[in-house]
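Asker: Just target-v2.cif, nothing more (mmCIF, N, CA, C and O atoms):
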```
data_entry
#
loop_
_atom_site.label_atom_id
_atom_site.label_comp_id
_atom_site.auth_asym_id
_atom_site.auth_seq_id
_atom_site.Cartn_x
_atom_site.Cartn_y
_atom_site.Cartn_z
N MET A 199 -9.23 -46.99 8.15
CA MET A 199 -9.78 -46.47 9.39
C MET A 199 -9.47 -47.37 10.59
O MET A 199 -9.13 -46.86 11.65
N PRO A 200 -9.58 -48.70 10.46
CA PRO A 200 -9.24 -49.55 11.60
C PRO A 200 -7.78 -49.38 12.04
O PRO A 200 -7.49 -49.48 13.23
N ALA A 201 -6.89 -49.13 11.09
CA ALA A 201 -5.48 -48.94 11.45
C ALA A 201 -5.31 -47.69 12.30
O ALA A 201 -4.52 -47.69 13.25
N LEU A 202 -6.02 -46.62 11.96
CA LEU A 202 -5.94 -45.39 12.76
C LEU A 202 -6.48 -45.62 14.17
O LEU A 202 -5.88 -45.17 15.15
N LEU A 203 -7.60 -46.31 14.26
CA LEU A 203 -8.17 -46.59 15.58
C LEU A 203 -7.23 -47.47 16.41
O LEU A 203 -7.06 -47.23 17.60
N ALA A 204 -6.62 -48.44 15.76
CA ALA A 204 -5.67 -49.30 16.47
C ALA A 204 -4.47 -48.49 16.96
O ALA A 204 -3.99 -48.69 18.08
N GLN A 205 -4.00 -47.56 16.13
CA GLN A 205 -2.88 -46.71 16.51
C GLN A 205 -3.27 -45.80 17.68
O GLN A 205 -2.47 -45.57 18.59
N MET A 206 -4.49 -45.29 17.65
CA MET A 206 -4.97 -44.44 18.74
C MET A 206 -4.99 -45.21 20.05
O MET A 206 -4.53 -44.71 21.09
N GLU A 207 -5.52 -46.42 20.01
CA GLU A 207 -5.58 -47.25 21.22
C GLU A 207 -4.18 -47.62 21.70
O GLU A 207 -3.90 -47.58 22.90
N SER A 208 -3.31 -47.96 20.77
CA SER A 208 -1.94 -48.31 21.12
C SER A 208 -1.21 -47.12 21.74
O SER A 208 -0.51 -47.26 22.76
N GLY A 209 -1.37 -45.96 21.13
CA GLY A 209 -0.72 -44.75 21.66
C GLY A 209 -1.20 -44.42 23.06
O GLY A 209 -0.40 -44.07 23.93
N ARG A 210 -2.49 -44.53 23.27
CA ARG A 210 -3.03 -44.26 24.61
C ARG A 210 -2.53 -45.29 25.62
O ARG A 210 -2.20 -44.93 26.76
N ALA A 211 -2.45 -46.53 25.22
CA ALA A 211 -1.97 -47.58 26.14
C ALA A 211 -0.53 -47.30 26.56
O ALA A 211 -0.19 -47.45 27.74
N GLU A 212 0.30 -46.86 25.61
CA GLU A 212 1.70 -46.53 25.94
C GLU A 212 1.77 -45.37 26.93
O GLU A 212 2.54 -45.41 27.89
N LYS A 213 0.97 -44.35 26.69
CA LYS A 213 0.99 -43.17 27.57
C LYS A 213 0.41 -43.52 28.94
O LYS A 213 0.85 -42.99 29.96
N LEU A 214 -0.56 -44.41 28.97
CA LEU A 214 -1.15 -44.81 30.25
C LEU A 214 -0.12 -45.53 31.11
O LEU A 214 -0.10 -45.37 32.34
N LEU A 215 0.76 -46.29 30.49
CA LEU A 215 1.84 -46.95 31.23
C LEU A 215 2.75 -45.93 31.89
O LEU A 215 3.18 -46.10 33.04
N VAL A 216 3.04 -44.85 31.18
CA VAL A 216 3.88 -43.78 31.73
C VAL A 216 3.20 -43.15 32.94
O VAL A 216 3.82 -42.93 33.98
N ILE A 217 1.91 -42.89 32.79
CA ILE A 217 1.14 -42.28 33.89
C ILE A 217 1.09 -43.22 35.09
O ILE A 217 1.32 -42.81 36.23
N ALA A 218 0.79 -44.49 34.84
CA ALA A 218 0.71 -45.47 35.94
C ALA A 218 2.04 -45.59 36.67
O ALA A 218 2.07 -45.65 37.89
N ALA A 219 3.13 -45.60 35.91
CA ALA A 219 4.45 -45.68 36.54
C ALA A 219 4.72 -44.43 37.36
O ALA A 219 5.27 -44.51 38.47
N GLY A 220 4.32 -43.29 36.86
CA GLY A 220 4.51 -42.04 37.59
C GLY A 220 3.70 -41.99 38.88
O GLY A 220 4.18 -41.49 39.90
N LEU A 221 2.49 -42.51 38.83
CA LEU A 221 1.63 -42.48 40.01
C LEU A 221 2.16 -43.37 41.13
O LEU A 221 1.82 -43.18 42.30
N ARG A 222 3.01 -44.33 40.80
CA ARG A 222 3.60 -45.19 41.82
C ARG A 222 4.74 -44.49 42.55
O ARG A 222 5.19 -44.96 43.59
N LYS A 223 5.22 -43.39 41.96
CA LYS A 223 6.31 -42.63 42.58
C LYS A 223 5.73 -41.64 43.58
O LYS A 223 4.53 -41.38 43.62
N GLY A 224 6.60 -41.03 44.34
CA GLY A 224 6.17 -40.00 45.27
C GLY A 224 5.96 -38.67 44.55
O GLY A 224 6.32 -38.51 43.38
N VAL A 225 5.37 -37.72 45.24
CA VAL A 225 5.08 -36.41 44.66
C VAL A 225 6.36 -35.70 44.23
O VAL A 225 6.38 -34.98 43.24
N HIS A 226 7.45 -35.93 44.94
CA HIS A 226 8.71 -35.29 44.58
C HIS A 226 9.29 -35.85 43.29
O HIS A 226 9.95 -35.15 42.53
N ASP A 227 9.04 -37.14 43.04
CA ASP A 227 9.57 -37.78 41.83
C ASP A 227 8.62 -37.66 40.64
O ASP A 227 9.04 -37.85 39.50
N TYR A 228 7.35 -37.39 40.89
CA TYR A 228 6.36 -37.25 39.82
C TYR A 228 5.46 -36.07 40.16
O TYR A 228 4.34 -36.23 40.63
N PRO A 229 5.98 -34.85 39.93
CA PRO A 229 5.23 -33.66 40.31
C PRO A 229 3.97 -33.47 39.46
O PRO A 229 3.81 -34.08 38.39
N VAL A 230 3.10 -32.61 39.94
CA VAL A 230 1.82 -32.36 39.27
C VAL A 230 2.05 -31.90 37.82
O VAL A 230 1.33 -32.32 36.91
N GLY A 231 3.04 -31.07 37.59
CA GLY A 231 3.32 -30.60 36.24
C GLY A 231 3.63 -31.74 35.28
O GLY A 231 3.17 -31.75 34.13
N ALA A 232 4.40 -32.71 35.75
CA ALA A 232 4.73 -33.86 34.92
C ALA A 232 3.48 -34.71 34.67
O ALA A 232 3.28 -35.21 33.55
N ALA A 233 2.64 -34.85 35.68
CA ALA A 233 1.41 -35.62 35.53
C ALA A 233 0.48 -34.95 34.51
O ALA A 233 -0.10 -35.62 33.65
N ILE A 234 0.37 -33.63 34.59
CA ILE A 234 -0.48 -32.90 33.64
C ILE A 234 0.06 -33.06 32.22
O ILE A 234 -0.70 -33.27 31.27
N HIS A 235 1.36 -32.97 32.07
CA HIS A 235 1.99 -33.16 30.75
C HIS A 235 1.67 -34.56 30.21
O HIS A 235 1.32 -34.71 29.04
N ASP A 236 1.79 -35.56 31.06
CA ASP A 236 1.53 -36.94 30.63
C ASP A 236 0.07 -37.15 30.26
O ASP A 236 -0.24 -37.87 29.30
N VAL A 237 -0.84 -36.51 30.99
CA VAL A 237 -2.26 -36.62 30.66
C VAL A 237 -2.53 -35.94 29.31
O VAL A 237 -3.30 -36.46 28.49
N ALA A 238 -1.89 -34.81 29.05
CA ALA A 238 -2.05 -34.14 27.76
C ALA A 238 -1.51 -35.03 26.63
O ALA A 238 -2.12 -35.12 25.55
N GLU A 239 -0.38 -35.71 26.87
CA GLU A 239 0.18 -36.63 25.88
C GLU A 239 -0.77 -37.82 25.66
O GLU A 239 -0.92 -38.30 24.53
N TYR A 240 -1.39 -38.28 26.72
CA TYR A 240 -2.37 -39.36 26.63
C TYR A 240 -3.53 -38.94 25.74
O TYR A 240 -3.95 -39.68 24.85
N TYR A 241 -4.02 -37.73 25.97
CA TYR A 241 -5.12 -37.21 25.15
C TYR A 241 -4.69 -37.11 23.69
O TYR A 241 -5.40 -37.57 22.79
N LYS A 242 -3.52 -36.52 23.46
CA LYS A 242 -3.04 -36.32 22.10
C LYS A 242 -2.86 -37.65 21.37
O LYS A 242 -3.15 -37.76 20.17
N ALA A 243 -2.38 -38.66 22.08
CA ALA A 243 -2.16 -39.97 21.46
C ALA A 243 -3.46 -40.60 20.99
O ALA A 243 -3.46 -41.40 20.05
N GLY A 244 -4.57 -40.22 21.60
CA GLY A 244 -5.86 -40.79 21.24
C GLY A 244 -6.61 -40.02 20.18
O GLY A 244 -7.76 -40.36 19.87
N THR A 245 -5.99 -39.01 19.58
CA THR A 245 -6.64 -38.25 18.52
C THR A 245 -6.20 -38.76 17.16
O THR A 245 -5.19 -39.45 17.03
N PHE A 246 -6.96 -38.41 16.12
CA PHE A 246 -6.58 -38.79 14.76
C PHE A 246 -5.24 -38.19 14.39
O PHE A 246 -4.38 -38.85 13.80
N VAL A 247 -5.04 -36.93 14.74
CA VAL A 247 -3.78 -36.26 14.42
C VAL A 247 -2.62 -36.96 15.13
O VAL A 247 -1.56 -37.18 14.54
N GLY A 248 -2.81 -37.32 16.38
CA GLY A 248 -1.76 -38.02 17.12
C GLY A 248 -1.46 -39.39 16.51
O GLY A 248 -0.31 -39.79 16.40
N ALA A 249 -2.51 -40.09 16.08
CA ALA A 249 -2.32 -41.40 15.46
C ALA A 249 -1.56 -41.28 14.15
O ALA A 249 -0.63 -42.05 13.88
N ILE A 250 -1.92 -40.31 13.34
CA ILE A 250 -1.24 -40.10 12.06
C ILE A 250 0.21 -39.71 12.30
O ILE A 250 1.12 -40.21 11.62
N SER A 251 0.45 -38.87 13.28
CA SER A 251 1.81 -38.46 13.61
C SER A 251 2.65 -39.67 14.02
O SER A 251 3.80 -39.82 13.59
N ASN A 252 2.10 -40.55 14.85
CA ASN A 252 2.83 -41.74 15.28
C ASN A 252 3.07 -42.70 14.13
O ASN A 252 4.13 -43.32 14.05
N ILE A 253 2.11 -42.82 13.23
CA ILE A 253 2.28 -43.69 12.07
C ILE A 253 3.40 -43.15 11.18
O ILE A 253 4.21 -43.91 10.66
N GLN A 254 3.46 -41.83 11.04
CA GLN A 254 4.51 -41.22 10.21
C GLN A 254 5.89 -41.39 10.81
O GLN A 254 6.88 -41.45 10.09
N LYS A 255 5.99 -41.50 12.13
CA LYS A 255 7.28 -41.67 12.80
C LYS A 255 7.81 -43.09 12.67
O LYS A 255 9.01 -43.32 12.77
N GLN A 256 6.94 -44.05 12.49
CA GLN A 256 7.33 -45.45 12.51
C GLN A 256 8.40 -45.81 11.48
O GLN A 256 9.35 -46.53 11.82
N PRO A 257 8.30 -45.36 10.22
CA PRO A 257 9.38 -45.72 9.28
C PRO A 257 10.74 -45.17 9.69
O PRO A 257 11.76 -45.84 9.53
N ALA A 258 10.78 -43.98 10.25
CA ALA A 258 12.05 -43.40 10.69
C ALA A 258 12.63 -44.21 11.84
O ALA A 258 13.84 -44.46 11.89
N VAL A 259 11.80 -44.64 12.75
CA VAL A 259 12.26 -45.46 13.88
C VAL A 259 12.76 -46.81 13.38
O VAL A 259 13.81 -47.29 13.80
N ALA A 260 12.03 -47.40 12.45
CA ALA A 260 12.44 -48.69 11.89
C ALA A 260 13.76 -48.56 11.14
O ALA A 260 14.63 -49.43 11.24
N GLN A 261 13.92 -47.47 10.40
CA GLN A 261 15.16 -47.26 9.66
C GLN A 261 16.33 -47.09 10.62
O GLN A 261 17.41 -47.64 10.41
N ASP A 262 16.13 -46.35 11.71
CA ASP A 262 17.19 -46.16 12.70
C ASP A 262 17.60 -47.50 13.31
O ASP A 262 18.79 -47.78 13.46
N LYS A 263 16.63 -48.33 13.66
CA LYS A 263 16.94 -49.65 14.23
C LYS A 263 17.71 -50.50 13.23
O LYS A 263 18.66 -51.19 13.58
N ALA A 264 17.29 -50.46 11.96
CA ALA A 264 17.97 -51.25 10.93
C ALA A 264 19.40 -50.78 10.74
O ALA A 264 20.32 -51.60 10.59
N GLU A 265 19.61 -49.46 10.76
CA GLU A 265 20.97 -48.93 10.61
C GLU A 265 21.86 -49.33 11.77
O GLU A 265 23.03 -49.69 11.58
N LYS A 266 21.34 -49.30 12.99
CA LYS A 266 22.12 -49.71 14.16
C LYS A 266 22.45 -51.20 14.09
O LYS A 266 23.57 -51.61 14.41
N ALA A 267 21.49 -52.01 13.67
CA ALA A 267 21.74 -53.45 13.55
C ALA A 267 22.78 -53.72 12.47
O ALA A 267 23.67 -54.57 12.65
N THR A 268 22.70 -52.99 11.36
CA THR A 268 23.67 -53.16 10.28
C THR A 268 25.06 -52.80 10.76
O THR A 268 26.04 -53.49 10.45
N GLN A 269 25.18 -51.73 11.53
CA GLN A 269 26.48 -51.32 12.05
C GLN A 269 27.05 -52.38 12.99
O GLN A 269 28.24 -52.66 12.96
N LYS A 270 26.21 -52.99 13.80
CA LYS A 270 26.68 -54.06 14.70
C LYS A 270 27.20 -55.23 13.89
O LYS A 270 28.23 -55.83 14.23
N VAL A 271 26.50 -55.58 12.82
CA VAL A 271 26.94 -56.70 11.98
C VAL A 271 28.27 -56.36 11.32
O VAL A 271 29.17 -57.20 11.22
N LYS A 272 28.42 -55.12 10.86
CA LYS A 272 29.67 -54.70 10.23
C LYS A 272 30.84 -54.77 11.21
O LYS A 272 31.97 -55.01 10.81
N ASN A 273 30.58 -54.56 12.48
CA ASN A 273 31.62 -54.56 13.49
C ASN A 273 32.00 -55.96 13.96
O ASN A 273 33.00 -56.13 14.65
N LEU A 274 31.21 -56.95 13.60
CA LEU A 274 31.51 -58.33 14.01
C LEU A 274 32.74 -58.84 13.27
O LEU A 274 32.97 -58.55 12.11
N GLU A 275 33.51 -59.60 13.97
CA GLU A 275 34.69 -60.20 13.36
C GLU A 275 34.28 -61.46 12.60
O GLU A 275 33.34 -62.15 12.98
N THR A 276 35.02 -61.75 11.54
CA THR A 276 34.74 -62.97 10.79
C THR A 276 35.31 -64.16 11.55
O THR A 276 36.12 -64.01 12.46
N VAL A 277 34.89 -65.34 11.16
CA VAL A 277 35.37 -66.57 11.79
C VAL A 277 36.89 -66.67 11.60
O VAL A 277 37.62 -67.04 12.53
N ASP A 278 37.36 -66.31 10.42
CA ASP A 278 38.81 -66.37 10.16
C ASP A 278 39.58 -65.45 11.11
O ASP A 278 40.63 -65.84 11.63
N GLU A 279 39.07 -64.24 11.35
CA GLU A 279 39.75 -63.32 12.27
C GLU A 279 39.77 -63.88 13.68
O GLU A 279 40.77 -63.78 14.40
N LEU A 280 38.68 -64.48 14.10
CA LEU A 280 38.60 -65.06 15.44
C LEU A 280 39.56 -66.24 15.57
O LEU A 280 40.22 -66.41 16.61
N LEU A 281 39.68 -67.05 14.54
CA LEU A 281 40.59 -68.18 14.58
C LEU A 281 42.04 -67.72 14.63
O LEU A 281 42.86 -68.32 15.33
N LYS A 282 42.35 -66.65 13.92
CA LYS A 282 43.72 -66.12 13.95
C LYS A 282 44.07 -65.63 15.35
O LYS A 282 45.19 -65.83 15.82
N LYS A 283 43.13 -65.02 16.02
CA LYS A 283 43.39 -64.53 17.38
C LYS A 283 43.60 -65.68 18.34
O LYS A 283 44.35 -65.58 19.28
N GLY A 284 42.88 -66.76 18.09
CA GLY A 284 42.98 -67.93 18.98
C GLY A 284 44.23 -68.74 18.73
O GLY A 284 44.53 -69.66 19.48
N GLY A 285 44.97 -68.41 17.69
CA GLY A 285 46.22 -69.10 17.43
C GLY A 285 46.04 -70.41 16.69
O GLY A 285 46.95 -71.21 16.60
N THR A 286 44.84 -70.65 16.18
CA THR A 286 44.63 -71.90 15.47
C THR A 286 44.78 -71.71 13.99
O THR A 286 44.49 -70.78 13.41
#
```
Go ahead and express the file in the form of structure tokens.
Answerer:
Amino acid sequence: MPALLAQMESGRAEKLLVIAAGLRKGVHDYPVGAAIHDVAEYYKAGTFVGAISNIQKQPAVAQDKAEKATQKVKNLETVDELLKKGGT
């Protein structure tokens, strides 16, 4: 239960940042419709269902990050390849 409550608070904090950033913009850049959508997302993030949904997304996000990092490592040249390019 504490993990769900922590996720609810975290989710709301993230959405509140979006709202705060939007409120610093002008009406043309942050229209009422966008503000209403963000407030609905804020509400949803603070529910049990929203918290469970966010918890379920976390492994997929972590896997995506790991795959991207693995691909970057695979693309790195070895020391031997770098030395050959340098002519040493």
Asker: Residues at most 7 Å from stretch 235-251 of chain A, counting only N, CA, C and O atoms, excluding those fewer than 4 positions away in the same chain, as a VMD selection string?
Answerer: chain A and resid 201 to 202 205 to 210 213 to 214 216 to 217 229 to 231 255 to 256
Asker: Any chance you could export the current selection's N, CA, C and O atoms as an mmCIF file, keeping the file's coordinate frame?
Answerer:
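What landed in selection31.cif:
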```
data_model
loop_
_atom_site.group_PDB
_atom_site.id
_atom_site.type_symbol
_atom_site.label_atom_id
_atom_site.label_comp_id
_atom_site.auth_asym_id
_atom_site.auth_seq_id
_atom_site.Cartn_x
_atom_site.Cartn_y
_atom_site.Cartn_z
ATOM 1 N N ALA A 201 -6.890 -49.130 11.090
ATOM 2 C CA ALA A 201 -5.480 -48.940 11.450
ATOM 3 C C ALA A 201 -5.310 -47.690 12.300
ATOM 4 O O ALA A 201 -4.520 -47.690 13.250
ATOM 5 N N LEU A 202 -6.020 -46.620 11.960
ATOM 6 C CA LEU A 202 -5.940 -45.390 12.760
ATOM 7 C C LEU A 202 -6.480 -45.620 14.170
ATOM 8 O O LEU A 202 -5.880 -45.170 15.150
ATOM 9 N N GLN A 205 -4.000 -47.560 16.130
ATOM 10 C CA GLN A 205 -2.880 -46.710 16.510
ATOM 11 C C GLN A 205 -3.270 -45.800 17.680
ATOM 12 O O GLN A 205 -2.470 -45.570 18.590
ATOM 13 N N MET A 206 -4.490 -45.290 17.650
ATOM 14 C CA MET A 206 -4.970 -44.440 18.740
ATOM 15 C C MET A 206 -4.990 -45.210 20.050
ATOM 16 O O MET A 206 -4.530 -44.710 21.090
ATOM 17 N N GLU A 207 -5.520 -46.420 20.010
ATOM 18 C CA GLU A 207 -5.580 -47.250 21.220
ATOM 19 C C GLU A 207 -4.180 -47.620 21.700
ATOM 20 O O GLU A 207 -3.900 -47.580 22.900
ATOM 21 N N SER A 208 -3.310 -47.960 20.770
ATOM 22 C CA SER A 208 -1.940 -48.310 21.120
ATOM 23 C C SER A 208 -1.210 -47.120 21.740
ATOM 24 O O SER A 208 -0.510 -47.260 22.760
ATOM 25 N N GLY A 209 -1.370 -45.960 21.130
ATOM 26 C CA GLY A 209 -0.720 -44.750 21.660
ATOM 27 C C GLY A 209 -1.200 -44.420 23.060
ATOM 28 O O GLY A 209 -0.400 -44.070 23.930
ATOM 29 N N ARG A 210 -2.490 -44.530 23.270
ATOM 30 C CA ARG A 210 -3.030 -44.260 24.610
ATOM 31 C C ARG A 210 -2.530 -45.290 25.620
ATOM 32 O O ARG A 210 -2.200 -44.930 26.760
ATOM 33 N N LYS A 213 0.970 -44.350 26.690
ATOM 34 C CA LYS A 213 0.990 -43.170 27.570
ATOM 35 C C LYS A 213 0.410 -43.520 28.940
ATOM 36 O O LYS A 213 0.850 -42.990 29.960
ATOM 37 N N LEU A 214 -0.560 -44.410 28.970
ATOM 38 C CA LEU A 214 -1.150 -44.810 30.250
ATOM 39 C C LEU A 214 -0.120 -45.530 31.110
ATOM 40 O O LEU A 214 -0.100 -45.370 32.340
ATOM 41 N N VAL A 216 3.040 -44.850 31.180
ATOM 42 C CA VAL A 216 3.880 -43.780 31.730
ATOM 43 C C VAL A 216 3.200 -43.150 32.940
ATOM 44 O O VAL A 216 3.820 -42.930 33.980
ATOM 45 N N ILE A 217 1.910 -42.890 32.790
ATOM 46 C CA ILE A 217 1.140 -42.280 33.890
ATOM 47 C C ILE A 217 1.090 -43.220 35.090
ATOM 48 O O ILE A 217 1.320 -42.810 36.230
ATOM 49 N N PRO A 229 5.980 -34.850 39.930
ATOM 50 C CA PRO A 229 5.230 -33.660 40.310
ATOM 51 C C PRO A 229 3.970 -33.470 39.460
ATOM 52 O O PRO A 229 3.810 -34.080 38.390
ATOM 53 N N VAL A 230 3.100 -32.610 39.940
ATOM 54 C CA VAL A 230 1.820 -32.360 39.270
ATOM 55 C C VAL A 230 2.050 -31.900 37.820
ATOM 56 O O VAL A 230 1.330 -32.320 36.910
ATOM 57 N N GLY A 231 3.040 -31.070 37.590
ATOM 58 C CA GLY A 231 3.320 -30.600 36.240
ATOM 59 C C GLY A 231 3.630 -31.740 35.280
ATOM 60 O O GLY A 231 3.170 -31.750 34.130
ATOM 61 N N LYS A 255 5.990 -41.500 12.130
ATOM 62 C CA LYS A 255 7.280 -41.670 12.800
ATOM 63 C C LYS A 255 7.810 -43.090 12.670
ATOM 64 O O LYS A 255 9.010 -43.320 12.770
ATOM 65 N N GLN A 256 6.940 -44.050 12.490
ATOM 66 C CA GLN A 256 7.330 -45.450 12.510
ATOM 67 C C GLN A 256 8.400 -45.810 11.480
ATOM 68 O O GLN A 256 9.350 -46.530 11.820
#
```
Asker: Have a look at atom CA of A:Ile253 and atom CA of A:Met199 and let me know their distance in Å, one decimal.
Answerer: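 For atom CA of A:Ile253 relative to atom CA of A:Met199, the distance reads 12.7 Å.
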Asker: Calculate how many Å separate atom O of A:Gln261 from atom N of A:Asn273, rounding to one decimal.
Answerer: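 Distance reported for this atom pair: 15.0 Å.
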Asker: Report the distance between atom O of A:Ala204 and atom C of A:Ala218 in Å, rounded to one decimal place.
Answerer: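 Interatomic distance, atom O of A:Ala204 to atom C of A:Ala218: 19.8 Å.
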Asker: Hey, what does DSSP flag as alpha helix (DSSP H) within chain A? Can you give it to me as a PyMOL selection string?
Answerer: chain A and resi 200-221+230-243+246-273+277-284
